[in-house]
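Next comes data15.pdb, with PDB, C-alpha atoms.
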ATOM      1  CA  MET I   1      14.428 -16.951  -8.797  1.00  0.00           C
ATOM      2  CA  ALA I   2      12.146 -14.204 -10.116  1.00  0.00           C
ATOM      3  CA  HIS I   3      10.089 -14.342 -13.307  1.00  0.00           C
ATOM      4  CA  LEU I   4       9.201 -11.191 -15.231  1.00  0.00           C
ATOM      5  CA  HIS I   5       6.299 -11.112 -17.697  1.00  0.00           C
ATOM      6  CA  VAL I   6       5.405  -8.252 -20.051  1.00  0.00           C
ATOM      7  CA  PRO I   7       2.087  -9.207 -21.692  1.00  0.00           C
ATOM      8  CA  ALA I   8       2.084  -6.316 -24.216  1.00  0.00           C
ATOM      9  CA  GLU I   9       5.517  -7.365 -25.480  1.00  0.00           C
ATOM     10  CA  ASN I  10       4.905 -11.132 -25.273  1.00  0.00           C
ATOM     11  CA  LEU I  11       8.077 -11.318 -23.184  1.00  0.00           C
ATOM     12  CA  HIS I  12       9.024 -13.588 -20.265  1.00  0.00           C
ATOM     13  CA  LEU I  13      12.395 -13.369 -18.480  1.00  0.00           C
ATOM     14  CA  SER I  14      13.868 -15.609 -15.791  1.00  0.00           C
ATOM     15  CA  ASP I  15      17.562 -14.708 -15.922  1.00  0.00           C
ATOM     16  CA  PRO I  16      18.463 -12.375 -13.004  1.00  0.00           C
ATOM     17  CA  ASP I  17      20.758 -10.189 -15.114  1.00  0.00           C
ATOM     18  CA  GLN I  18      18.124  -9.808 -17.833  1.00  0.00           C
ATOM     19  CA  ILE I  19      15.457  -8.960 -15.258  1.00  0.00           C
ATOM     20  CA  ALA I  20      17.726  -6.323 -13.657  1.00  0.00           C
ATOM     21  CA  ALA I  21      18.466  -4.826 -17.098  1.00  0.00           C
ATOM     22  CA  TYR I  22      14.751  -4.659 -17.986  1.00  0.00           C
ATOM     23  CA  LEU I  23      13.803  -3.007 -14.672  1.00  0.00           C
ATOM     24  CA  ALA I  24      16.629  -0.449 -14.567  1.00  0.00           C
ATOM     25  CA  PRO I  25      15.077   2.077 -17.030  1.00  0.00           C
ATOM     26  CA  SER I  26      12.027   2.263 -14.699  1.00  0.00           C
ATOM     27  CA  GLY I  27      14.328   3.122 -11.776  1.00  0.00           C
ATOM     28  CA  ILE I  28      13.697  -0.280 -10.167  1.00  0.00           C
ATOM     29  CA  PHE I  29      16.590  -2.356  -8.955  1.00  0.00           C
ATOM     30  CA  TYR I  30      16.557  -6.114  -8.627  1.00  0.00           C
ATOM     31  CA  GLU I  31      19.202  -8.336  -7.016  1.00  0.00           C
ATOM     32  CA  ARG I  32      19.671 -11.919  -5.860  1.00  0.00           C
ATOM     33  CA  TRP I  33      21.064 -12.401  -2.360  1.00  0.00           C
ATOM     34  CA  ASP I  34      22.748 -15.624  -1.285  1.00  0.00           C
ATOM     35  CA  SER I  35      21.074 -17.558   1.494  1.00  0.00           C
ATOM     36  CA  ALA I  36      22.209 -16.767   5.002  1.00  0.00           C
ATOM     37  CA  ALA I  37      24.102 -19.981   5.811  1.00  0.00           C
ATOM     38  CA  ASP I  38      23.776 -19.639   9.575  1.00  0.00           C
ATOM     39  CA  LEU I  39      19.958 -19.471   9.709  1.00  0.00           C
ATOM     40  CA  PRO I  40      18.106 -22.330  11.456  1.00  0.00           C
ATOM     41  CA  ASP I  41      15.243 -24.144   9.714  1.00  0.00           C
ATOM     42  CA  SER I  42      12.560 -22.019  11.385  1.00  0.00           C
ATOM     43  CA  PRO I  43      14.276 -18.698  12.113  1.00  0.00           C
ATOM     44  CA  THR I  44      12.822 -15.916  14.214  1.00  0.00           C
ATOM     45  CA  ASN I  45      12.515 -12.436  12.716  1.00  0.00           C
ATOM     46  CA  GLU I  46      15.570 -11.364  14.721  1.00  0.00           C
ATOM     47  CA  GLN I  47      17.620 -14.303  13.400  1.00  0.00           C
ATOM     48  CA  ILE I  48      16.650 -13.382   9.820  1.00  0.00           C
ATOM     49  CA  LEU I  49      17.736  -9.782  10.333  1.00  0.00           C
ATOM     50  CA  GLN I  50      20.999 -10.938  11.932  1.00  0.00           C
ATOM     51  CA  GLY I  51      21.627 -13.488   9.164  1.00  0.00           C
ATOM     52  CA  TYR I  52      21.349 -10.811   6.463  1.00  0.00           C
ATOM     53  CA  ASP I  53      22.894  -8.017   8.548  1.00  0.00           C
ATOM     54  CA  THR I  54      25.785  -7.332   6.128  1.00  0.00           C
ATOM     55  CA  GLN I  55      23.494  -7.033   3.083  1.00  0.00           C
ATOM     56  CA  ILE I  56      20.915  -4.971   4.999  1.00  0.00           C
ATOM     57  CA  ARG I  57      23.538  -2.507   6.275  1.00  0.00           C
ATOM     58  CA  ALA I  58      24.993  -2.076   2.774  1.00  0.00           C
ATOM     59  CA  LEU I  59      21.531  -1.464   1.330  1.00  0.00           C
ATOM     60  CA  MET I  60      20.622   0.976   4.117  1.00  0.00           C
ATOM     61  CA  GLN I  61      23.756   2.990   3.392  1.00  0.00           C
ATOM     62  CA  LYS I  62      23.211   2.872  -0.380  1.00  0.00           C
ATOM     63  CA  GLY I  63      19.529   3.856  -0.270  1.00  0.00           C
ATOM     64  CA  GLY I  64      19.325   5.981   2.854  1.00  0.00           C
ATOM     65  CA  TYR I  65      17.014   3.548   4.643  1.00  0.00           C
ATOM     66  CA  ALA I  66      16.597   3.988   8.397  1.00  0.00           C
ATOM     67  CA  THR I  67      14.850   0.808   9.548  1.00  0.00           C
ATOM     68  CA  ALA I  68      14.435  -2.850   8.603  1.00  0.00           C
ATOM     69  CA  ASP I  69      11.907  -5.404   9.787  1.00  0.00           C
ATOM     70  CA  VAL I  70      10.453  -8.772   8.793  1.00  0.00           C
ATOM     71  CA  ILE I  71       6.860  -9.402   7.749  1.00  0.00           C
ATOM     72  CA  ASN I  72       5.470 -12.925   7.989  1.00  0.00           C
ATOM     73  CA  VAL I  73       2.202 -13.588   6.149  1.00  0.00           C
ATOM     74  CA  THR I  74       0.496 -16.997   6.223  1.00  0.00           C
ATOM     75  CA  PRO I  75      -2.974 -18.157   5.145  1.00  0.00           C
ATOM     76  CA  ASP I  76      -4.158 -18.278   8.775  1.00  0.00           C
ATOM     77  CA  LEU I  77      -3.277 -14.633   9.503  1.00  0.00           C
ATOM     78  CA  PRO I  78      -6.383 -12.870  10.873  1.00  0.00           C
ATOM     79  CA  ASN I  79      -7.902 -10.410   8.380  1.00  0.00           C
ATOM     80  CA  LEU I  80      -5.447 -11.512   5.672  1.00  0.00           C
ATOM     81  CA  GLN I  81      -7.772 -10.615   2.794  1.00  0.00           C
ATOM     82  CA  SER I  82      -8.438  -7.151   4.241  1.00  0.00           C
ATOM     83  CA  MET I  83      -4.681  -6.561   4.437  1.00  0.00           C
ATOM     84  CA  LEU I  84      -4.150  -7.785   0.865  1.00  0.00           C
ATOM     85  CA  ASP I  85      -7.014  -5.621  -0.391  1.00  0.00           C
ATOM     86  CA  ARG I  86      -5.051  -2.530   0.701  1.00  0.00           C
ATOM     87  CA  PHE I  87      -2.259  -3.361  -1.763  1.00  0.00           C
ATOM     88  CA  ASN I  88      -3.821  -5.305  -4.657  1.00  0.00           C
ATOM     89  CA  LYS I  89      -5.150  -2.141  -6.331  1.00  0.00           C
ATOM     90  CA  GLU I  90      -2.949   0.293  -8.217  1.00  0.00           C
ATOM     91  CA  HIS I  91      -1.255   2.718  -5.829  1.00  0.00           C
ATOM     92  CA  THR I  92       1.920   4.635  -5.024  1.00  0.00           C
ATOM     93  CA  HIS I  93       3.885   5.327  -1.842  1.00  0.00           C
ATOM     94  CA  THR I  94       5.917   8.331  -0.715  1.00  0.00           C
ATOM     95  CA  ASP I  95       8.706   5.915   0.307  1.00  0.00           C
ATOM     96  CA  ASP I  96      10.485   3.197  -1.660  1.00  0.00           C
ATOM     97  CA  GLU I  97       9.012  -0.286  -1.351  1.00  0.00           C
ATOM     98  CA  VAL I  98      12.002  -2.521  -0.657  1.00  0.00           C
ATOM     99  CA  ARG I  99      11.423  -6.242  -0.227  1.00  0.00           C
ATOM    100  CA  PHE I 100      13.779  -9.203   0.128  1.00  0.00           C
ATOM    101  CA  ILE I 101      11.911 -12.506  -0.042  1.00  0.00           C
ATOM    102  CA  VAL I 102      12.937 -15.068   2.577  1.00  0.00           C
ATOM    103  CA  LYS I 103      10.054 -17.522   2.080  1.00  0.00           C
ATOM    104  CA  GLY I 104       6.999 -17.837  -0.166  1.00  0.00           C
ATOM    105  CA  ARG I 105       6.116 -15.962  -3.339  1.00  0.00           C
ATOM    106  CA  GLY I 106       4.349 -12.793  -4.380  1.00  0.00           C
ATOM    107  CA  ILE I 107       3.780 -10.820  -7.560  1.00  0.00           C
ATOM    108  CA  PHE I 108       4.294  -7.117  -8.167  1.00  0.00           C
ATOM    109  CA  HIS I 109       2.580  -5.506 -11.137  1.00  0.00           C
ATOM    110  CA  ILE I 110       4.363  -2.316 -12.152  1.00  0.00           C
ATOM    111  CA  HIS I 111       2.757   0.434 -14.258  1.00  0.00           C
ATOM    112  CA  PRO I 112       5.738   2.570 -15.302  1.00  0.00           C
ATOM    113  CA  ALA I 113       5.378   6.145 -16.518  1.00  0.00           C
ATOM    114  CA  ALA I 114       6.761   5.051 -19.903  1.00  0.00           C
ATOM    115  CA  GLY I 115       6.142   1.562 -21.213  1.00  0.00           C
ATOM    116  CA  PRO I 116       3.672  -1.259 -20.657  1.00  0.00           C
ATOM    117  CA  VAL I 117       2.533  -2.818 -17.385  1.00  0.00           C
ATOM    118  CA  PHE I 118       4.707  -5.751 -16.370  1.00  0.00           C
ATOM    119  CA  ALA I 119       4.591  -8.342 -13.597  1.00  0.00           C
ATOM    120  CA  ILE I 120       7.479  -9.708 -11.575  1.00  0.00           C
ATOM    121  CA  GLU I 121       6.981 -12.824  -9.488  1.00  0.00           C
ATOM    122  CA  MET I 122       9.335 -12.765  -6.509  1.00  0.00           C
ATOM    123  CA  HIS I 123      10.837 -15.902  -4.916  1.00  0.00           C
ATOM    124  CA  PRO I 124      13.151 -16.562  -1.948  1.00  0.00           C
ATOM    125  CA  GLY I 125      16.479 -14.803  -2.521  1.00  0.00           C
ATOM    126  CA  ASP I 126      14.974 -12.006  -4.655  1.00  0.00           C
ATOM    127  CA  LEU I 127      15.322  -8.333  -3.694  1.00  0.00           C
ATOM    128  CA  ILE I 128      13.367  -5.527  -5.354  1.00  0.00           C
ATOM    129  CA  ASN I 129      13.105  -1.795  -4.787  1.00  0.00           C
ATOM    130  CA  VAL I 130      10.003  -0.117  -6.211  1.00  0.00           C
ATOM    131  CA  PRO I 131      10.857   3.621  -6.028  1.00  0.00           C
ATOM    132  CA  ALA I 132       8.575   6.112  -4.303  1.00  0.00           C
ATOM    133  CA  GLY I 133       5.877   7.394  -6.657  1.00  0.00           C
ATOM    134  CA  THR I 134       5.917   4.293  -8.915  1.00  0.00           C
ATOM    135  CA  GLN I 135       2.431   3.012  -9.759  1.00  0.00           C
ATOM    136  CA  HIS I 136       2.124  -0.655  -8.791  1.00  0.00           C
ATOM    137  CA  TRP I 137       0.096  -3.276  -6.952  1.00  0.00           C
ATOM    138  CA  PHE I 138       0.926  -6.533  -5.152  1.00  0.00           C
ATOM    139  CA  ASP I 139      -0.679  -9.949  -4.686  1.00  0.00           C
ATOM    140  CA  LEU I 140       0.351 -13.183  -3.024  1.00  0.00           C
ATOM    141  CA  CYS I 141       0.588 -16.418  -4.994  1.00  0.00           C
ATOM    142  CA  ALA I 142      -1.870 -19.270  -4.394  1.00  0.00           C
ATOM    143  CA  ASP I 143      -0.211 -20.520  -1.196  1.00  0.00           C
ATOM    144  CA  ARG I 144      -0.807 -17.049   0.328  1.00  0.00           C
ATOM    145  CA  THR I 145       2.522 -17.204   2.147  1.00  0.00           C
ATOM    146  CA  ILE I 146       5.371 -14.726   2.185  1.00  0.00           C
ATOM    147  CA  ARG I 147       8.131 -13.804   4.604  1.00  0.00           C
ATOM    148  CA  ALA I 148      10.133 -10.767   3.654  1.00  0.00           C
ATOM    149  CA  ILE I 149      12.634  -8.252   4.958  1.00  0.00           C
ATOM    150  CA  ARG I 150      11.342  -4.697   4.471  1.00  0.00           C
ATOM    151  CA  LEU I 151      13.437  -1.531   4.534  1.00  0.00           C
ATOM    152  CA  PHE I 152      12.072   1.970   5.092  1.00  0.00           C
ATOM    153  CA  LYS I 153      13.299   5.533   5.048  1.00  0.00           C
ATOM    154  CA  ASP I 154      10.190   6.453   7.054  1.00  0.00           C
ATOM    155  CA  ASN I 155       7.466   3.961   8.045  1.00  0.00           C
ATOM    156  CA  SER I 156       4.759   6.565   7.437  1.00  0.00           C
ATOM    157  CA  GLY I 157       5.757   6.621   3.754  1.00  0.00           C
ATOM    158  CA  TRP I 158       4.292   3.158   3.267  1.00  0.00           C
ATOM    159  CA  THR I 159       0.704   4.413   3.200  1.00  0.00           C
ATOM    160  CA  PRO I 160      -0.895   3.485  -0.166  1.00  0.00           C
ATOM    161  CA  TYR I 161      -2.182   6.345  -2.329  1.00  0.00           C
ATOM    162  CA  TYR I 162      -4.592   4.832  -4.811  1.00  0.00           C
ATOM    163  CA  VAL I 163      -4.501   5.616  -8.516  1.00  0.00           C
ATOM    164  CA  GLU I 164      -7.959   5.775 -10.042  1.00  0.00           C
ATOM    165  CA  THR I 165      -7.086   4.422 -13.515  1.00  0.00           C
ATOM    166  CA  GLY I 166      -8.490   0.948 -12.785  1.00  0.00           C
ATOM    167  CA  VAL I 167      -5.649  -0.622 -14.787  1.00  0.00           C
ATOM    168  CA  HIS I 168      -5.141  -3.293 -12.116  1.00  0.00           C
ATOM    169  CA  GLY I 169      -8.546  -4.737 -13.038  1.00  0.00           C
ATOM    170  CA  ASN I 170      -7.173  -5.758 -16.449  1.00  0.00           C
ATOM    171  CA  PHE I 171      -4.511  -8.083 -14.983  1.00  0.00           C
ATOM    172  CA  GLN I 172      -4.864 -11.365 -13.144  1.00  0.00           C
ATOM    173  CA  PRO I 173      -2.671 -12.075 -10.101  1.00  0.00           C
ATOM    174  CA  LEU I 174      -1.180 -15.175 -11.756  1.00  0.00           C
ATOM    175  CA  CYS I 175       2.046 -16.685 -10.484  1.00  0.00           C
ATOM    176  CA  TRP I 176       4.088 -18.909 -12.743  1.00  0.00           C
ATOM    177  CA  GLY I 177       6.201 -20.950 -10.338  1.00  0.00           C
ATOM    178  CA  PRO I 178       9.863 -21.835 -10.624  1.00  0.00           C
ATOM    179  CA  SER I 179       9.781 -23.620 -13.983  1.00  0.00           C
ATOM    180  CA  TYR I 180       6.658 -22.375 -15.743  1.00  0.00           C
ATOM    181  CA  LEU I 181       6.938 -20.484 -19.001  1.00  0.00           C
ATOM    182  CA  PRO I 182       3.544 -19.449 -20.430  1.00  0.00           C
ATOM    183  CA  PRO I 183       2.893 -21.132 -23.795  1.00  0.00           C
ATOM    184  CA  GLY I 184       3.984 -19.153 -26.834  1.00  0.00           C
ATOM    185  CA  LEU I 185       6.312 -16.779 -25.012  1.00  0.00           C
ATOM    186  CA  PRO I 186       9.801 -16.505 -26.511  1.00  0.00           C
ATOM    187  CA  LYS I 187      12.900 -16.744 -24.359  1.00  0.00           C
ATOM    188  CA  ILE I 188      14.938 -13.607 -24.974  1.00  0.00           C
ATOM    189  CA  SER I 189      18.682 -14.003 -24.558  1.00  0.00           C
ATOM    190  CA  ASN I 190      19.366 -10.276 -24.256  1.00  0.00           C
ATOM    191  CA  PRO I 191      16.330  -8.018 -23.726  1.00  0.00           C
ATOM    192  CA  VAL I 192      18.418  -4.870 -24.050  1.00  0.00           C
ATOM    193  CA  LEU I 193      19.370  -5.787 -27.616  1.00  0.00           C
ATOM    194  CA  ALA I 194      16.103  -7.470 -28.600  1.00  0.00           C
TER     195      ALA I 194
END
I need this file expressed as structure tokens, please.
Amino acid sequence: MAHLHVPAENLHLSDPDQIAAYLAPSGIFYERWDSAADLPDSPTNEQILQGYDTQIRALMQKGGYATADVINVTPDLPNLQSMLDRFNKEHTHTDDEVRFIVKGRGIFHIHPAAGPVFAIEMHPGDLINVPAGTQHWFDLCADRTIRAIRLFKDNSGWTPYYVETGVHGNFQPLCWGPSYLPPGLPKISNPVLA
């Protein structure tokens, strides 16, 4: 399950409904998808796409996405750091960045037009859509492993356009894990009302 951290507001959220409510004003949607029960222990990319076919088709219709694929990143991937360096600096895309996490963990930092920078650590079962034009950057967690379904309106829209503010240099790519709550951060029962 995802964890959202807003350093400037001293806020940490782990409840899916609270995370979705916090992200909505920035035009970002977040969902939890149930596991695909019919997937084998080590599924192929095709089996993953088939296992989540119903959810993928619904999302494609809702968002106007044309294609879906699976990316599989492991520590032994050739030129892994070069690939990560393309996306760990603040940038935008001309297409939405839609990711459903099947395995592993990664962290998106979002720099919304209004409001402070926040980080969302994504875990298996988490789906996020970072809308086109949203300033953000992405890092893997320490195990440097992630397997994710990606959806695109147009594959060419995934080119990163870098933002020269340098804000990303002020934030560490720290992942918190499934049960970690940074010391001193309050648990907010309803962030909309807080």
The residue from I:Ile120, I:Leu140, I:Leu127, I:Val98 with the smallest atom-to-atom distance to Ser14 in chain I, counting only C-alpha atoms, is I:Ile120
Enter the distance from CA of Ala142 in chain I to CA of Gly104 in chain I, in Å, rounded to one decimal.
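CA of Ala142 in chain I sits 9.9 Å away from CA of Gly104 in chain I.
The nearest approach to Asn170 in chain I among the residues I:Pro131, I:Arg144, I:Glu121, I:Glu90, with only C-alpha atoms taken into account, belongs to I:Glu90.
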Please, what distance in Å, to one decimal, runs between CA of Thr159 in chain I and CA of Arg105 in chain I?
22.1 Å
Residues picked by the PyMOL selection byres ((chain I and resi 132) around 10) here, as JSON, numbers by chain?
{"I": [27, 92, 93, 94, 95, 96, 97, 98, 129, 130, 131, 133, 134, 135, 157, 158]}
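The shortest atom-to-atom distance to His111 in chain I, with only C-alpha atoms taken into account, belongs to I:His168 out of I:His168, I:Arg32, I:Arg86, I:His123.
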Excluding Phe100 in chain I and its own-chain neighbours fewer than 5 positions away, which residues fall within 12 Å of it when counting all atoms listed in the file? Please give them as JSON, numbers by chain.
{"I": [1, 2, 29, 30, 31, 32, 33, 34, 35, 48, 49, 52, 55, 56, 59, 68, 69, 70, 71, 105, 106, 122, 123, 124, 125, 126, 127, 128, 129, 130, 146, 147, 148, 149, 150, 151]}
Selected residues written out with C-alpha atoms, as a PDB file, keeping the file's coordinate frame:
ATOM      1  CA  MET I   1      14.428 -16.951  -8.797  1.00  0.00           C
ATOM      2  CA  ALA I   2      12.146 -14.204 -10.116  1.00  0.00           C
ATOM      3  CA  PHE I  29      16.590  -2.356  -8.955  1.00  0.00           C
ATOM      4  CA  TYR I  30      16.557  -6.114  -8.627  1.00  0.00           C
ATOM      5  CA  GLU I  31      19.202  -8.336  -7.016  1.00  0.00           C
ATOM      6  CA  ARG I  32      19.671 -11.919  -5.860  1.00  0.00           C
ATOM      7  CA  TRP I  33      21.064 -12.401  -2.360  1.00  0.00           C
ATOM      8  CA  ASP I  34      22.748 -15.624  -1.285  1.00  0.00           C
ATOM      9  CA  SER I  35      21.074 -17.558   1.494  1.00  0.00           C
ATOM     10  CA  ILE I  48      16.650 -13.382   9.820  1.00  0.00           C
ATOM     11  CA  LEU I  49      17.736  -9.782  10.333  1.00  0.00           C
ATOM     12  CA  TYR I  52      21.349 -10.811   6.463  1.00  0.00           C
ATOM     13  CA  GLN I  55      23.494  -7.033   3.083  1.00  0.00           C
ATOM     14  CA  ILE I  56      20.915  -4.971   4.999  1.00  0.00           C
ATOM     15  CA  LEU I  59      21.531  -1.464   1.330  1.00  0.00           C
ATOM     16  CA  ALA I  68      14.435  -2.850   8.603  1.00  0.00           C
ATOM     17  CA  ASP I  69      11.907  -5.404   9.787  1.00  0.00           C
ATOM     18  CA  VAL I  70      10.453  -8.772   8.793  1.00  0.00           C
ATOM     19  CA  ILE I  71       6.860  -9.402   7.749  1.00  0.00           C
ATOM     20  CA  ARG I 105       6.116 -15.962  -3.339  1.00  0.00           C
ATOM     21  CA  GLY I 106       4.349 -12.793  -4.380  1.00  0.00           C
ATOM     22  CA  MET I 122       9.335 -12.765  -6.509  1.00  0.00           C
ATOM     23  CA  HIS I 123      10.837 -15.902  -4.916  1.00  0.00           C
ATOM     24  CA  PRO I 124      13.151 -16.562  -1.948  1.00  0.00           C
ATOM     25  CA  GLY I 125      16.479 -14.803  -2.521  1.00  0.00           C
ATOM     26  CA  ASP I 126      14.974 -12.006  -4.655  1.00  0.00           C
ATOM     27  CA  LEU I 127      15.322  -8.333  -3.694  1.00  0.00           C
ATOM     28  CA  ILE I 128      13.367  -5.527  -5.354  1.00  0.00           C
ATOM     29  CA  ASN I 129      13.105  -1.795  -4.787  1.00  0.00           C
ATOM     30  CA  VAL I 130      10.003  -0.117  -6.211  1.00  0.00           C
ATOM     31  CA  ILE I 146       5.371 -14.726   2.185  1.00  0.00           C
ATOM     32  CA  ARG I 147       8.131 -13.804   4.604  1.00  0.00           C
ATOM     33  CA  ALA I 148      10.133 -10.767   3.654  1.00  0.00           C
ATOM     34  CA  ILE I 149      12.634  -8.252   4.958  1.00  0.00           C
ATOM     35  CA  ARG I 150      11.342  -4.697   4.471  1.00  0.00           C
ATOM     36  CA  LEU I 151      13.437  -1.531   4.534  1.00  0.00           C
TER      37      LEU I 151
END
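Here CA of Pro78 in chain I stands at a distance of 28.1 Å from CA of Glu164 in chain I.
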Selection dump of the PyMOL selection byres ((chain I and resi 139) around 9), as a list in words
Leu84, Asp85, Phe87, Asn88, Gly106, Ile107, Phe108, His109, Trp137, Phe138, Leu140, Cys141, Arg144, Pro173 and Leu174 of chain I
Selection from above, C-alpha atoms, as a PDB file, in the coordinates of the input, can you write it?
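So part.pdb came out as:
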ATOM      1  CA  LEU I  84      -4.150  -7.785   0.865  1.00  0.00           C
ATOM      2  CA  ASP I  85      -7.014  -5.621  -0.391  1.00  0.00           C
ATOM      3  CA  PHE I  87      -2.259  -3.361  -1.763  1.00  0.00           C
ATOM      4  CA  ASN I  88      -3.821  -5.305  -4.657  1.00  0.00           C
ATOM      5  CA  GLY I 106       4.349 -12.793  -4.380  1.00  0.00           C
ATOM      6  CA  ILE I 107       3.780 -10.820  -7.560  1.00  0.00           C
ATOM      7  CA  PHE I 108       4.294  -7.117  -8.167  1.00  0.00           C
ATOM      8  CA  HIS I 109       2.580  -5.506 -11.137  1.00  0.00           C
ATOM      9  CA  TRP I 137       0.096  -3.276  -6.952  1.00  0.00           C
ATOM     10  CA  PHE I 138       0.926  -6.533  -5.152  1.00  0.00           C
ATOM     11  CA  LEU I 140       0.351 -13.183  -3.024  1.00  0.00           C
ATOM     12  CA  CYS I 141       0.588 -16.418  -4.994  1.00  0.00           C
ATOM     13  CA  ARG I 144      -0.807 -17.049   0.328  1.00  0.00           C
ATOM     14  CA  PRO I 173      -2.671 -12.075 -10.101  1.00  0.00           C
ATOM     15  CA  LEU I 174      -1.180 -15.175 -11.756  1.00  0.00           C
TER      16      LEU I 174
END
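In this comparison, which uses all atoms listed in the file, the residue of I:Ile110, I:Thr145, I:Pro25, I:Gly51 approaching Pro7 in chain I most closely is I:Ile110.
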Residue nearest Thr67 in chain I among I:Cys175, I:Asn155, I:Gly169, I:Arg99 (counting all atoms listed in the file):
I:Asn155
Choose the residue, out of I:Pro160, I:Gly64, I:Pro75, I:Pro112, that has the smallest atom-to-atom separation from Ser26 in chain I; count all atoms listed in the file.
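The shortest atom-to-atom distance to Ser26 in chain I comes from I:Pro112.
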Please identify all polymer residues within 6 Å of Leu4 in chain I, counting all atoms listed in the file, omitting same-chain residues fewer than 4 positions from it, and present them as a PyMOL selection string.
chain I and resi 12-13+119-120
